[in-house]
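Engineer: Pasting structure_9.txt here (compact mmCIF, N, CA, C and O atoms):
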# COMPACT_ATOMS: atom_id res chain seq x y z
N ALA A 393 75.88 -48.26 165.38
CA ALA A 393 75.84 -46.97 166.03
C ALA A 393 76.68 -45.94 165.29
O ALA A 393 76.90 -44.87 165.80
N LYS A 394 77.13 -46.24 164.09
CA LYS A 394 77.96 -45.31 163.33
C LYS A 394 77.17 -44.09 162.87
O LYS A 394 76.01 -44.19 162.48
N ALA A 395 77.81 -42.95 162.92
CA ALA A 395 77.19 -41.72 162.44
C ALA A 395 76.94 -41.81 160.94
O ALA A 395 77.58 -42.59 160.23
N ASN A 396 76.01 -41.02 160.45
CA ASN A 396 75.66 -40.95 159.03
C ASN A 396 75.11 -42.24 158.46
O ASN A 396 75.20 -42.48 157.27
N GLN A 397 74.56 -43.08 159.32
CA GLN A 397 73.86 -44.28 158.89
C GLN A 397 72.49 -44.27 159.54
O GLN A 397 72.34 -43.82 160.67
N THR A 398 71.51 -44.80 158.83
CA THR A 398 70.17 -44.88 159.37
C THR A 398 69.90 -46.31 159.82
O THR A 398 70.23 -47.26 159.11
N VAL A 399 69.32 -46.44 160.98
CA VAL A 399 68.95 -47.73 161.54
C VAL A 399 67.43 -47.81 161.56
O VAL A 399 66.77 -46.88 162.02
N ALA A 400 66.88 -48.91 161.06
CA ALA A 400 65.44 -49.15 161.14
C ALA A 400 65.22 -50.38 162.00
O ALA A 400 65.83 -51.41 161.78
N VAL A 401 64.35 -50.23 162.99
CA VAL A 401 64.05 -51.33 163.91
C VAL A 401 62.57 -51.64 163.79
O VAL A 401 61.73 -50.80 164.11
N TYR A 402 62.26 -52.83 163.33
CA TYR A 402 60.88 -53.27 163.20
C TYR A 402 60.40 -53.86 164.51
O TYR A 402 61.11 -54.65 165.13
N MET A 403 59.23 -53.47 164.93
CA MET A 403 58.58 -54.01 166.13
C MET A 403 59.42 -53.80 167.39
O MET A 403 59.42 -54.62 168.29
N GLY A 404 60.11 -52.67 167.49
CA GLY A 404 60.95 -52.39 168.63
C GLY A 404 60.35 -51.41 169.62
O GLY A 404 61.05 -50.91 170.50
N LEU A 405 59.08 -51.12 169.49
CA LEU A 405 58.46 -50.08 170.29
C LEU A 405 58.60 -50.31 171.79
O LEU A 405 58.92 -49.40 172.55
N GLY A 406 58.41 -51.54 172.24
CA GLY A 406 58.49 -51.84 173.67
C GLY A 406 59.88 -51.69 174.26
O GLY A 406 60.03 -51.56 175.46
N ALA A 407 60.88 -51.67 173.40
CA ALA A 407 62.27 -51.56 173.85
C ALA A 407 62.92 -50.25 173.38
O ALA A 407 64.14 -50.14 173.36
N THR A 408 62.10 -49.27 173.04
CA THR A 408 62.63 -48.03 172.48
C THR A 408 63.70 -47.40 173.37
O THR A 408 64.77 -47.03 172.90
N GLY A 409 63.42 -47.28 174.66
CA GLY A 409 64.39 -46.67 175.58
C GLY A 409 65.67 -47.45 175.67
O GLY A 409 66.77 -46.87 175.69
N VAL A 410 65.58 -48.77 175.69
CA VAL A 410 66.77 -49.63 175.76
C VAL A 410 67.58 -49.52 174.47
O VAL A 410 68.81 -49.40 174.50
N ILE A 411 66.90 -49.56 173.34
CA ILE A 411 67.58 -49.44 172.05
C ILE A 411 68.32 -48.12 171.97
O ILE A 411 69.49 -48.06 171.59
N ALA A 412 67.65 -47.04 172.34
CA ALA A 412 68.27 -45.72 172.30
C ALA A 412 69.47 -45.65 173.22
O ALA A 412 70.55 -45.18 172.84
N ALA A 413 69.33 -46.15 174.43
CA ALA A 413 70.43 -46.10 175.41
C ALA A 413 71.63 -46.89 174.92
O ALA A 413 72.78 -46.45 175.07
N ARG A 414 71.40 -48.03 174.31
CA ARG A 414 72.52 -48.85 173.83
C ARG A 414 73.21 -48.21 172.63
O ARG A 414 74.44 -48.25 172.52
N LEU A 415 72.44 -47.62 171.74
CA LEU A 415 73.06 -46.92 170.61
C LEU A 415 73.90 -45.75 171.10
O LEU A 415 75.02 -45.53 170.62
N ILE A 416 73.39 -45.01 172.07
CA ILE A 416 74.14 -43.88 172.62
C ILE A 416 75.38 -44.38 173.34
O ILE A 416 76.47 -43.82 173.19
N ALA A 417 75.27 -45.46 174.09
CA ALA A 417 76.42 -46.04 174.80
C ALA A 417 77.52 -46.49 173.84
O ALA A 417 78.70 -46.49 174.20
N HIS A 418 77.12 -46.84 172.62
CA HIS A 418 78.09 -47.31 171.63
C HIS A 418 78.49 -46.23 170.64
O HIS A 418 79.04 -46.52 169.59
N GLY A 419 78.19 -44.96 170.99
CA GLY A 419 78.74 -43.86 170.22
C GLY A 419 77.78 -43.03 169.40
O GLY A 419 78.19 -42.01 168.84
N ARG A 420 76.54 -43.41 169.32
CA ARG A 420 75.60 -42.57 168.56
C ARG A 420 75.21 -41.37 169.40
O ARG A 420 74.97 -41.49 170.60
N GLY A 421 75.14 -40.21 168.82
CA GLY A 421 74.83 -39.00 169.55
C GLY A 421 73.41 -38.99 170.07
O GLY A 421 72.48 -39.40 169.38
N ALA A 422 73.22 -38.50 171.29
CA ALA A 422 71.88 -38.40 171.87
C ALA A 422 71.00 -37.44 171.08
O ALA A 422 69.78 -37.52 171.16
N ASP A 423 71.61 -36.55 170.31
CA ASP A 423 70.86 -35.58 169.51
C ASP A 423 70.54 -36.08 168.10
O ASP A 423 69.98 -35.35 167.29
N THR A 424 70.84 -37.34 167.82
CA THR A 424 70.55 -37.92 166.51
C THR A 424 69.04 -37.88 166.25
O THR A 424 68.25 -38.26 167.12
N PRO A 425 68.61 -37.45 165.07
CA PRO A 425 67.18 -37.44 164.76
C PRO A 425 66.62 -38.87 164.80
O PRO A 425 67.29 -39.82 164.37
N ALA A 426 65.42 -39.01 165.30
CA ALA A 426 64.77 -40.32 165.38
C ALA A 426 63.27 -40.15 165.24
O ALA A 426 62.72 -39.07 165.47
N ALA A 427 62.63 -41.24 164.85
CA ALA A 427 61.17 -41.24 164.72
C ALA A 427 60.63 -42.61 165.06
O ALA A 427 61.31 -43.62 164.90
N ALA A 428 59.41 -42.63 165.52
CA ALA A 428 58.66 -43.87 165.71
C ALA A 428 57.39 -43.74 164.89
O ALA A 428 56.65 -42.76 165.02
N VAL A 429 57.14 -44.71 164.02
CA VAL A 429 55.98 -44.67 163.14
C VAL A 429 55.07 -45.84 163.52
O VAL A 429 55.43 -47.00 163.34
N GLU A 430 53.91 -45.51 164.04
CA GLU A 430 52.93 -46.52 164.42
C GLU A 430 51.91 -46.66 163.30
O GLU A 430 51.42 -45.66 162.76
N ASN A 431 51.60 -47.90 162.93
CA ASN A 431 50.61 -48.17 161.88
C ASN A 431 50.94 -47.44 160.59
O ASN A 431 50.06 -46.83 159.96
N GLY A 432 52.20 -47.47 160.20
CA GLY A 432 52.67 -46.76 159.01
C GLY A 432 51.87 -47.09 157.76
O GLY A 432 51.59 -48.25 157.46
N GLY A 433 51.47 -46.06 157.05
CA GLY A 433 50.73 -46.20 155.81
C GLY A 433 49.24 -46.47 155.98
O GLY A 433 48.53 -46.63 155.00
N ARG A 434 48.77 -46.50 157.20
CA ARG A 434 47.36 -46.76 157.46
C ARG A 434 46.67 -45.45 157.83
O ARG A 434 47.33 -44.47 158.20
N PRO A 435 45.36 -45.41 157.77
CA PRO A 435 44.64 -44.18 158.12
C PRO A 435 44.90 -43.73 159.56
O PRO A 435 44.83 -42.54 159.86
N ASN A 436 45.21 -44.65 160.46
CA ASN A 436 45.46 -44.31 161.86
C ASN A 436 46.95 -44.18 162.18
O ASN A 436 47.36 -44.30 163.33
N GLU A 437 47.75 -43.88 161.17
CA GLU A 437 49.19 -43.70 161.36
C GLU A 437 49.49 -42.56 162.33
O GLU A 437 48.84 -41.52 162.30
N LYS A 438 50.46 -42.81 163.21
CA LYS A 438 50.97 -41.76 164.10
C LYS A 438 52.48 -41.76 163.99
O LYS A 438 53.10 -42.82 163.94
N VAL A 439 53.06 -40.57 163.95
CA VAL A 439 54.51 -40.44 163.88
C VAL A 439 54.97 -39.52 165.00
O VAL A 439 54.40 -38.46 165.21
N VAL A 440 55.99 -39.97 165.71
CA VAL A 440 56.60 -39.18 166.78
C VAL A 440 58.05 -38.92 166.37
O VAL A 440 58.77 -39.86 166.05
N TYR A 441 58.45 -37.65 166.38
CA TYR A 441 59.83 -37.27 166.09
C TYR A 441 60.48 -36.79 167.37
O TYR A 441 59.86 -36.05 168.14
N ALA A 442 61.72 -37.18 167.59
CA ALA A 442 62.46 -36.74 168.78
C ALA A 442 63.94 -37.01 168.56
O ALA A 442 64.32 -37.77 167.65
N ALA A 443 64.75 -36.38 169.37
CA ALA A 443 66.17 -36.74 169.41
C ALA A 443 66.27 -38.14 170.01
O ALA A 443 65.42 -38.55 170.82
N LEU A 444 67.27 -38.89 169.61
CA LEU A 444 67.42 -40.26 170.08
C LEU A 444 67.38 -40.36 171.59
O LEU A 444 66.71 -41.25 172.14
N GLY A 445 68.02 -39.46 172.28
CA GLY A 445 68.05 -39.50 173.74
C GLY A 445 66.69 -39.27 174.38
O GLY A 445 66.49 -39.62 175.54
N ASP A 446 65.75 -38.70 173.63
CA ASP A 446 64.41 -38.41 174.14
C ASP A 446 63.34 -39.31 173.56
O ASP A 446 62.16 -39.18 173.89
N LEU A 447 63.72 -40.22 172.68
CA LEU A 447 62.73 -40.99 171.93
C LEU A 447 61.87 -41.87 172.83
O LEU A 447 60.64 -41.93 172.65
N GLY A 448 62.46 -42.56 173.78
CA GLY A 448 61.69 -43.43 174.67
C GLY A 448 60.59 -42.67 175.39
O GLY A 448 59.43 -43.10 175.44
N GLU A 449 60.93 -41.53 175.94
CA GLU A 449 59.96 -40.71 176.65
C GLU A 449 58.90 -40.15 175.70
O GLU A 449 57.71 -40.12 176.02
N ALA A 450 59.32 -39.73 174.51
CA ALA A 450 58.38 -39.18 173.54
C ALA A 450 57.36 -40.23 173.11
O ALA A 450 56.17 -39.93 172.96
N VAL A 451 57.81 -41.47 172.93
CA VAL A 451 56.91 -42.56 172.56
C VAL A 451 55.90 -42.82 173.68
O VAL A 451 54.71 -42.99 173.43
N ARG A 452 56.37 -42.83 174.92
CA ARG A 452 55.47 -43.04 176.06
C ARG A 452 54.45 -41.92 176.16
O ARG A 452 53.26 -42.16 176.34
N GLU A 453 54.91 -40.67 176.04
CA GLU A 453 54.01 -39.52 176.14
C GLU A 453 52.95 -39.53 175.04
O GLU A 453 51.82 -39.10 175.27
N ALA A 454 53.32 -40.01 173.85
CA ALA A 454 52.38 -40.04 172.73
C ALA A 454 51.41 -41.21 172.84
O ALA A 454 50.41 -41.26 172.12
N GLY A 455 51.70 -42.16 173.72
CA GLY A 455 50.82 -43.30 173.90
C GLY A 455 50.87 -44.31 172.77
O GLY A 455 49.92 -45.05 172.56
N LEU A 456 51.98 -44.36 172.04
CA LEU A 456 52.10 -45.34 170.97
C LEU A 456 52.09 -46.75 171.56
O LEU A 456 52.69 -47.01 172.60
N GLU A 457 51.40 -47.65 170.86
CA GLU A 457 51.27 -49.01 171.34
C GLU A 457 51.73 -50.04 170.33
O GLU A 457 51.93 -51.19 170.65
N GLY A 458 51.86 -49.67 169.07
CA GLY A 458 52.37 -50.58 168.05
C GLY A 458 51.28 -51.02 167.11
O GLY A 458 50.13 -50.70 167.32
N PRO A 459 51.62 -51.73 166.05
CA PRO A 459 52.96 -52.02 165.59
C PRO A 459 53.67 -50.75 165.12
O PRO A 459 53.02 -49.81 164.69
N ALA A 460 54.97 -50.76 165.27
CA ALA A 460 55.71 -49.54 164.95
C ALA A 460 57.08 -49.85 164.37
O ALA A 460 57.65 -50.91 164.58
N LEU A 461 57.59 -48.87 163.66
CA LEU A 461 58.93 -48.89 163.09
C LEU A 461 59.70 -47.74 163.72
O LEU A 461 59.20 -46.61 163.75
N LEU A 462 60.89 -48.02 164.21
CA LEU A 462 61.77 -46.96 164.72
C LEU A 462 62.75 -46.62 163.62
O LEU A 462 63.34 -47.51 163.01
N ILE A 463 62.94 -45.34 163.36
CA ILE A 463 63.90 -44.87 162.37
C ILE A 463 64.87 -43.97 163.12
O ILE A 463 64.47 -42.97 163.71
N ILE A 464 66.14 -44.35 163.09
CA ILE A 464 67.16 -43.63 163.85
C ILE A 464 68.25 -43.20 162.90
O ILE A 464 68.90 -44.03 162.26
N GLY A 465 68.43 -41.90 162.78
CA GLY A 465 69.44 -41.36 161.88
C GLY A 465 68.90 -40.16 161.14
O GLY A 465 67.75 -39.74 161.30
N GLU A 466 69.74 -39.61 160.30
CA GLU A 466 69.41 -38.37 159.61
C GLU A 466 68.18 -38.51 158.72
O GLU A 466 67.48 -37.53 158.46
N ALA A 467 67.88 -39.71 158.25
CA ALA A 467 66.68 -39.91 157.43
C ALA A 467 65.41 -39.57 158.20
O ALA A 467 64.43 -39.13 157.60
N ALA A 468 65.41 -39.74 159.50
CA ALA A 468 64.23 -39.39 160.31
C ALA A 468 63.94 -37.90 160.24
O ALA A 468 62.78 -37.50 160.25
N ALA A 469 64.97 -37.09 160.15
CA ALA A 469 64.77 -35.65 160.05
C ALA A 469 64.13 -35.27 158.72
O ALA A 469 63.40 -34.28 158.64
N LEU A 470 64.37 -36.04 157.69
CA LEU A 470 63.77 -35.75 156.39
C LEU A 470 62.26 -35.85 156.46
O LEU A 470 61.54 -35.02 155.91
N GLY A 471 61.74 -36.84 157.18
CA GLY A 471 60.30 -36.97 157.35
C GLY A 471 59.73 -35.85 158.18
O GLY A 471 58.66 -35.33 157.89
N ARG A 472 60.44 -35.48 159.23
CA ARG A 472 59.98 -34.41 160.12
C ARG A 472 59.86 -33.09 159.37
O ARG A 472 58.94 -32.33 159.59
N ASP A 473 60.78 -32.84 158.46
CA ASP A 473 60.84 -31.55 157.76
C ASP A 473 60.06 -31.54 156.45
O ASP A 473 59.96 -30.50 155.80
N ALA A 474 59.50 -32.68 156.05
CA ALA A 474 58.78 -32.76 154.77
C ALA A 474 57.40 -32.13 154.88
O ALA A 474 56.79 -32.14 155.95
N PRO A 475 56.89 -31.60 153.78
CA PRO A 475 55.51 -31.07 153.81
C PRO A 475 54.52 -32.21 154.02
O PRO A 475 54.81 -33.37 153.70
N ALA A 476 53.37 -31.90 154.52
CA ALA A 476 52.34 -32.91 154.78
C ALA A 476 51.97 -33.60 153.47
O ALA A 476 51.92 -32.99 152.42
N ARG A 477 51.67 -34.90 153.57
CA ARG A 477 51.32 -35.69 152.39
C ARG A 477 49.85 -35.58 152.05
O ARG A 477 49.44 -35.88 150.95
N PHE A 478 49.02 -35.20 152.98
CA PHE A 478 47.58 -35.24 152.76
C PHE A 478 46.99 -33.86 152.77
O PHE A 478 47.37 -32.99 153.44
Please, can you express the file's structure as structure tokens?

Structural biologist:
Amino acid sequence: AKANQTVAVYMGLGATGVIAARLIAHGRGADTPAAAVENGGRPNEKVVYAALGDLGEAVREAGLEGPALLIIGEAAALGRDAPARF
């Protein structure tokens, strides 16, 4: 939960809210940039960006079902702010 470190969680989509809550409880800021990447690198890839405190709800609202990678930390903001790849 240390600041300025990126955490990657493989196959954690079903526990996104719990993971976020525990990281926040252990000191990570609720405003930490985060992303959930479903089917990464595939034609049906979906990416959801949100603050860590909102990630669980954002994933539910987007209807992500998996497989997915959670990216928590400043690196997630780099993807959000990057120009489109396609």

Engineer: At what distance in Å, to one decimal, does atom O of Asn436 (chain A) lie from atom O of Ala407 (chain A)?

Structural biologist: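 Between these atoms lies a distance of 20.4 Å.
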
Engineer: Could you check which of A:Ala460, A:Ala413, A:Ala395, A:Leu447 is closest to Asn431 (chain A), using all atoms listed in the file?

Structural biologist: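 Using all atoms listed in the file, the shortest distance to Asn431 (chain A) belongs to A:Ala460.
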
Engineer: Using all atoms listed in the file, can you tell me which of A:Thr408, A:Ile463, A:Asn396, A:Met403 comes closest to Val451 (chain A)?

Structural biologist: A:Thr408

Engineer: Would you please work out which residue, of A:Ala450, A:Leu456, A:Leu462, A:Ala469, is nearest to Ile411 (chain A) when using only C-alpha atoms?

Structural biologist: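 Nearest to Ile411 (chain A): A:Leu462.
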
Engineer: Any idea what the distance is between CA of Val439 (chain A) and atom O of Leu415 (chain A)?

Structural biologist: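 We find that CA of Val439 (chain A) and atom O of Leu415 (chain A) lie 22.2 Å from each other.
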
Engineer: I need region 422-439 of chain A written out with C-alpha atoms, as a PDB file, in the first residue's frame; please produce it.

Structural biologist:
ATOM      1  CA  ALA A 422      -8.552   6.738  -2.173  1.00  0.00           C
ATOM      2  CA  ASP A 423      -7.632   9.139  -4.996  1.00  0.00           C
ATOM      3  CA  THR A 424      -4.825   6.891  -6.282  1.00  0.00           C
ATOM      4  CA  PRO A 425      -5.167   6.317 -10.042  1.00  0.00           C
ATOM      5  CA  ALA A 426      -6.366   2.810 -10.903  1.00  0.00           C
ATOM      6  CA  ALA A 427      -7.470   0.817 -13.912  1.00  0.00           C
ATOM      7  CA  ALA A 428      -9.087  -2.504 -14.709  1.00  0.00           C
ATOM      8  CA  VAL A 429      -8.138  -4.055 -18.047  1.00  0.00           C
ATOM      9  CA  GLU A 430     -10.423  -6.800 -19.318  1.00  0.00           C
ATOM     10  CA  ASN A 431      -9.157  -9.041 -22.131  1.00  0.00           C
ATOM     11  CA  GLY A 432      -5.963  -6.993 -22.405  1.00  0.00           C
ATOM     12  CA  GLY A 433      -4.376  -7.004 -25.835  1.00  0.00           C
ATOM     13  CA  ARG A 434      -7.372  -8.635 -27.494  1.00  0.00           C
ATOM     14  CA  PRO A 435      -9.806  -7.067 -29.963  1.00  0.00           C
ATOM     15  CA  ASN A 436     -12.500  -7.012 -27.245  1.00  0.00           C
ATOM     16  CA  GLU A 437     -10.289  -5.247 -24.685  1.00  0.00           C
ATOM     17  CA  LYS A 438     -12.058  -2.907 -22.270  1.00  0.00           C
ATOM     18  CA  VAL A 439     -10.314  -0.526 -19.899  1.00  0.00           C
TER      19      VAL A 439
END
